[in-house]
There are 2 protein chains.
Amino acid sequence: MAKQQKSVKVIFLGGVGQIGKNMTAIEYGDDIIIIDCGVDFPDEESPGIDAIIPDITYLTENRDKVRGIFLTHGHEDHIGAIQYVIEDLNVPIFGTPMTLAMLDRKLVERHIIVDARTVQEGETAIAGCFKVEFIKVTHSLAGACAFAITTPIGVIYHSGDFKLDATPIDNKPTNLQRIAEIGSKGVMLMLGESTNVERKGHSDSERVAGVGIENIFASHREQRLIIATFASSNYRVQQILNIASKYGRKVILSGRSMKGIVEMGSKVGELTVPNDIIVESPGKLPFAKQIVLATGTQGEPMSALTRMSEGEFGKINIGSDDVVVLSSSPIPGNEKSVYNVINKLFKRGAEVIYESMNDVHVSGHAYAEELKLMLTLVKPKFFMPVHGEYRHQYLHSKMAEKCGVNPLNIAIPEIGAVYGVNQKTMKRQSNVTAGNVYIDGTVLDEGSNIIRDRKSLSENGFLIVIVSVDMKNGILLSPPDLLVRGMSMSPEALESAKGIVENAIATLDFVGEVIDRSRITQAIRKSLKRQFVKDRHFPMIMPIIYEA
Amino acid sequence: MAKQQKSVKVIFLGGVGQIGKNMTAIEYGDDIIIIDCGVDFPDEESPGIDAIIPDITYLTENRDKVRGIFLTHGHEDHIGAIQYVIEDLNVPIFGTPMTLAMLDRKLVERHIIVDARTVQEGETAIAGCFKVEFIKVTHSLAGACAFAITTPIGVIYHSGDFKLDATPIDNKPTNLQRIAEIGSKGVMLMLGESTNVERKGHSDSERVAGVGIENIFASHREQRLIIATFASSNYRVQQILNIASKYGRKVILSGRSMKGIVEMGSKVGELTVPNDIIVESPGKLPFAKQIVLATGTQGEPMSALTRMSEGEFGKINIGSDDVVVLSSSPIPGNEKSVYNVINKLFKRGAEVIYESMNDVHVSGHAYAEELKLMLTLVKPKFFMPVHGEYRHQYLHSKMAEKCGVNPLNIAIPEIGAVYGVNQKTMKRQSNVTAGNVYIDGTVLDEGSNIIRDRKSLSENGFLIVIVSVDMKNGILLSPPDLLVRGMSMSPEALESAKGIVENAIATLDFVGEVIDRSRITQAIRKSLKRQFVKDRHFPMIMPIIYEA
């Protein structure tokens with residue numbers, strides 16, 4: 001046992017092999033801390049699902065050891081699973097004021113109370129044997145931090161999500177001096193985010209998006225401006241409010257989350273709302289004197305912008321006097337929905353300005369040269385790329401090699417992987433239970449059968465076969481009834497299927513045996529399947545047997 | 001009637017409001033010609049569907065007038081629907097040798113024989129009162145043409161899909177002189193493709209992709225190279241064969257369509273295969289002496305590349321001695337599948353080179369400056385942007401304005417729209433039937449109910465409620481049976497639902513009335529729905545009533 005305790009265990013429960021659902025556990029002796037606790041959003045591979053969260057079996061099995069959850073920042077893929085897991089874990093949650101305020105907005109709605117512990121940028125929080133220093137980094141929202149985690153046997157540096165914006169809106173750039181200091185003292189292991197490793201050069205400053213947006217104000221003085229952005233992007237919102245003030249326009253906030261975040265950002269001091277700039281409703285203001293600040297940049301069906309594009313947002317009727325700006329870019333997988341909204345806005349006569357053609361958005365994640373700089377400053381002995389699909393992690397691992405990390409000291413973690421790390425070695429250990437847990441409505445379940453059934457139903461439909469069988473003799477008492485949904489069957493095909501069912505039951509040989517339902521069920525399924533496969537149909541077949 | 005004949009009708013059956021499924025009909029008096037006849041590929045909005053083709057009701061209703069189908073080039077979104085509609089229309093099909101050869105490959109498989117009429121680039125074909133001149137344009141495959149259609153009352157210029165590659169692989173650039181000549185004589189109406197209107201500047205020459213690929217050959221002399229590209233991109237294939245020959249490597253063709261297209265391209269003279277370069281199997285060739293040329297750049301589940309990435313492509317086992325090149329870009333909507341394949345190839349140890357980071361692909365569609373040049377040369381009186389989503393069409397229409405087309409002479413056509421055009425006016429007329437026809441297996445149907453059911457099933461699942469009812473008294477004879485698929489229900493929820501069904505039937509008041517099944521069915525649906533909605537579940541509910 002003594003030997004085991006010489007390594008820190010790093011356990012990947014999410015955020016590797018993908019960009020969403022971040023969650024990493026760090027364990028030493030009897031202590032575990034959790035870094036981030038995010039959701040992933042469903043796609044066509046998980047139809048009808050509300051959210052996907054990490055499987056925390058390992059943590060609930062080791063609940064006594066868990067000392068706290070540390071949040072790098074307030075984005076959903078880092079905090080969104082807390083509402084689903086905190087009752088099971090029941091530990092303190094550490095974050096900056098902005099991060100905790102964002103979390104609180106979600107928890108309040110669900111009447112969940114947590115033990116939230118505010119940590120300011122630059123401060124260190126202690127949990128069990130770990131000391132976690134919160135280091136300010138620039139990202140697309142305030143309160144984002146990297147963590148320098150001092151364990152009893154060495155320092156782990158977790159990059160969080162970051163970019164190196166030398167001219168941020170709050171004039172507080174990434175604390176490179178402190179990172180350099182930590183690096184020069186020696187970092188045992190670095191976990192580095194990989195999102196934009198494919199992009200060459202250096203990301204643009206948040207101010208670049210501001211300039212692009214101001215140009216639109218300058219060149220569209222008569223029209224109403226409708227600007228959509230992520231509610232969580234407080235710096236973007238700040239710039240838009242400032243520009244509106246400069247150009248003498250009032251701001252109408254549209255969408256519940258936009259209102260909530262403006263209120264919350266002001267409260268924690270991360271947003272300064274110019275005096276009297278926000279109005280509840282446009283009243284008699286001319287279009288030239290107003291802007292609408294809205295959510296819905298991802299084409300979400302119920303969002304303000306989508307409803308405007310469909311003419312179903314009562315207060316705001318989009319027309320040819322509107323300029324709609326999407327200060328955002330589509331999250332991969334959302335392209336179709338986003339472009340649908342853009343197409344519909346154009347159809348209503350609006351001028352639509354979006355990222356493809358204009359500088360109205362910048363990324364919050366470091367590009368290649370920034371990632372290299374971070375590797376150079378931290379100079380870790382061991383390195384693991386996180387927060388990316390495998391291709392990002394792979395490219396980031398090659399980058400680390402070029403930046404001087406010994407290739408033998410680099411591992412690409414996957415979900416469920418456990419590594420034992422100390423100053424000398426990094427060893428892969430047995431995996432722990434990990435994966436996706438699906439949230440559907442209020443029900444939490446492992447969901448795999450349900451998802452599989454849904455996918456099959458969506459591609460193939462189903463067929464119910466109702467038969468009434470004389471269980472004494474194993475014969476059909478009346479012609480079978482067939483019910484089809486989600487599949488096309490001609491009347492002839494239906495008749496033919498009935499014949500197949502009749503024949504399948506008639507040729508069952510029950511002599512000397514108990515007549516059992518399962519044999520009838522199987523016979524119906526097998527005979528119909530054979531027929532359907534010929535036509536390349538694969539419906540779910542559900543025989544219902546009435547015994548008489 | 002005489003008055004009506006003074007306009008040419010332009011009828012949009014596809015290819016507007018979207019990039020796929022191109023089909024435009026042009027009608028004058030008793031003559032109709034069809035330009036292109038393409039498919040669209042299904043997405044999550046049309047689960048389980050094989051292909052989507054245009055609704056050709058208008059054409060079958062006017063079958064006597066239809067004189068022919070003219071194909072601008074051989075891509076699926078321009079020729080893919082012919083196999084489904086040609087039996088109904090039964091007219092000659094006009095195209096260049098390459099286009100007809102590509103069509104023939106598909107039709108032969110299905111034993112469909114058509115009246116194909118070869119038209120060389122530069123030639124003019126006559127159909128009814130129309131003269132269709134085939135004008136060579138550069139695109140991502142050979143045999144691509146724009147059409148100058150001389151009608152009795154003026155010329156219609158259809159751009160086809162094109163780019164302006166001044167240094168194409170076959171040394172036959174777009175015939176700008178001829179287009180200029182047609183423009184200077186006067187073009188009544190231009191239909192212009194809009195795909196890349198959002199991209200600034202000028203597209204790169206096809207040769208740029210060749211240089212990028214050759215750099216990979218030069219810098220990876222020891223590894224096996226696996227290069228995936230669109231089988232239809234004969235110029236890309238030509239360059240890869242030439243480079244392989246220069247670097248002394250043999251080529252193994254992988255994927256049925258790649259083999260077919262190489263054979264077919266050679267036959268029509270659009271591909272020159274260097275002597276002895278293609279080998280059936282690598283035999284004992286070292287990796288340094290071979291390349292594999294494969295299909296599957298879109299992450300198609302059954303393609304060579306996807307199967308290689310999953311280790312299920314018997315002959316080729318991807319490992320760390322492989323360099324995989326995707327000489328392509330993901331078609332919008334395919335991003336997730338493509339990146340899944342890339343992730344899996346990296347996991348197998350291969351080096352993967354793809355568009356995000358390397359110049360290994362160029363687009364086949366004109367960028368903004370090329371579109372402007374085309375508008376300037378053709379100088380049409382009337383203009384309609386086609387081959388794009390609404391946003392592309394809108395931006396293209398604004399571009400046409402800037403290029404001197406009178407804004408009143410520009411229309412953005414949508415599916416089903418009909419315009420009457422002559423030298424003086426362009427008037428919108430009543431729409432014709434148009435839209436999507438879904439192909440599911442071999443069955444052709446209008447499909448909307450089926451698609452709606454499939455989408456509902458994929459998000460919500462279904463619940464079958466089986467009740468046995470004494471129809472004399474309207475009472476339940478035994479507890480209801482419930483069958484659930486694609487939805488999560490706890491045993492308690494199931495029991496509660498049974499109670500709800502029992503209660504619903506018990507409270508039905510049949511006194512003095514005929515007991516009818518539909519009232520029972522409705523009562524079951526209504527009562528369960530009320531309960532499910534509370535939990536935000538919306539399953540398809542299917543009551544099955546047994547009368548006893």
# chains A, B, ... in the order shown; residues from 1 in each chain; ligands from 1
call {"tool": "interface_residues", "arguments": {"of": "chain B", "to": "chain A", "cutoff": "8 Å", "atoms": "only C-alpha atoms", "output": "PyMOL selection string"}}
result
chain B and resi 44+47-49+198-200+332-333+335-336+342-344+346-347+356-357+389-391+394+441-443+445+447+449-461+485-488+535-537
call {"tool": "closest_atom_pairs", "arguments": {"of": "stretch 117-173 of chain A", "to": "stretch 74-92 of chain A", "cutoff": "8 Å", "atoms": "only C-alpha atoms", "output": "tab-separated table"}}
result
residue	atom	partner	partner_atom	distance
A:Arg117	CA	A:Pro92	CA	6.7
A:Leu141	CA	A:Gly74	CA	8.0
A:Gly143	CA	A:Gly74	CA	7.7
A:Ala144	CA	A:Gly74	CA	7.5
call {"tool": "write_last_selection", "arguments": {"atoms": "N, CA and C atoms", "output": "PDB file, in the first residue's frame"}}
result
ATOM      1  N   ARG A 117     -17.651  27.779  -2.402  1.00  0.00           N
ATOM      2  CA  ARG A 117     -16.527  28.473  -1.760  1.00  0.00           C
ATOM      3  C   ARG A 117     -15.840  29.376  -2.790  1.00  0.00           C
ATOM      4  N   LEU A 141     -14.941  34.477 -21.297  1.00  0.00           N
ATOM      5  CA  LEU A 141     -15.732  35.043 -20.194  1.00  0.00           C
ATOM      6  C   LEU A 141     -14.816  35.295 -18.999  1.00  0.00           C
ATOM      7  N   GLY A 143     -13.430  35.348 -15.033  1.00  0.00           N
ATOM      8  CA  GLY A 143     -13.309  34.366 -13.964  1.00  0.00           C
ATOM      9  C   GLY A 143     -12.700  33.047 -14.393  1.00  0.00           C
ATOM     10  N   ALA A 144     -12.089  33.007 -15.587  1.00  0.00           N
ATOM     11  CA  ALA A 144     -11.486  31.751 -16.050  1.00  0.00           C
ATOM     12  C   ALA A 144     -10.098  31.602 -15.451  1.00  0.00           C
TER      13      ALA A 144
END
call {"tool": "atom_distance", "arguments": {"atom1": "atom CA of A:Asp104", "atom2": "atom CA of A:Gly38"}}
result
14.6 Å
call {"tool": "select_by_dssp", "arguments": {"residues": "stretch 212-434 of chain B", "states": "alpha helix (DSSP H)", "output": "PyMOL selection string"}}
result
chain B and resi 212-219+234-246+256-267+304-309+335-347+368-378+390-402
call {"tool": "select_by_dssp", "arguments": {"residues": "stretch 358-429 of chain B", "states": "strand (DSSP E)", "output": "list in words"}}
result
Phe382, Phe383, Met384, Pro385, Val386, Val418, Tyr419, Gly420, Val421, Met426, Lys427, Arg428 and Gln429 of chain B
call {"tool": "atom_distance", "arguments": {"atom1": "atom CA of B:Leu293", "atom2": "atom CA of B:Val251"}}
result
6.7 Å
call {"tool": "closest_residue", "arguments": {"among": "A:His139, A:His387, A:Arg105, A:His158", "to": "A:Arg256", "atoms": "only C-alpha atoms"}}
result
A:Arg105
call {"tool": "residues_around", "arguments": {"residues": "A:Glu355", "least_positions_apart": "5", "cutoff": "8 Å", "atoms": "only C-alpha atoms", "output": "ChimeraX atom specification"}}
result
/A:326-329,360-361
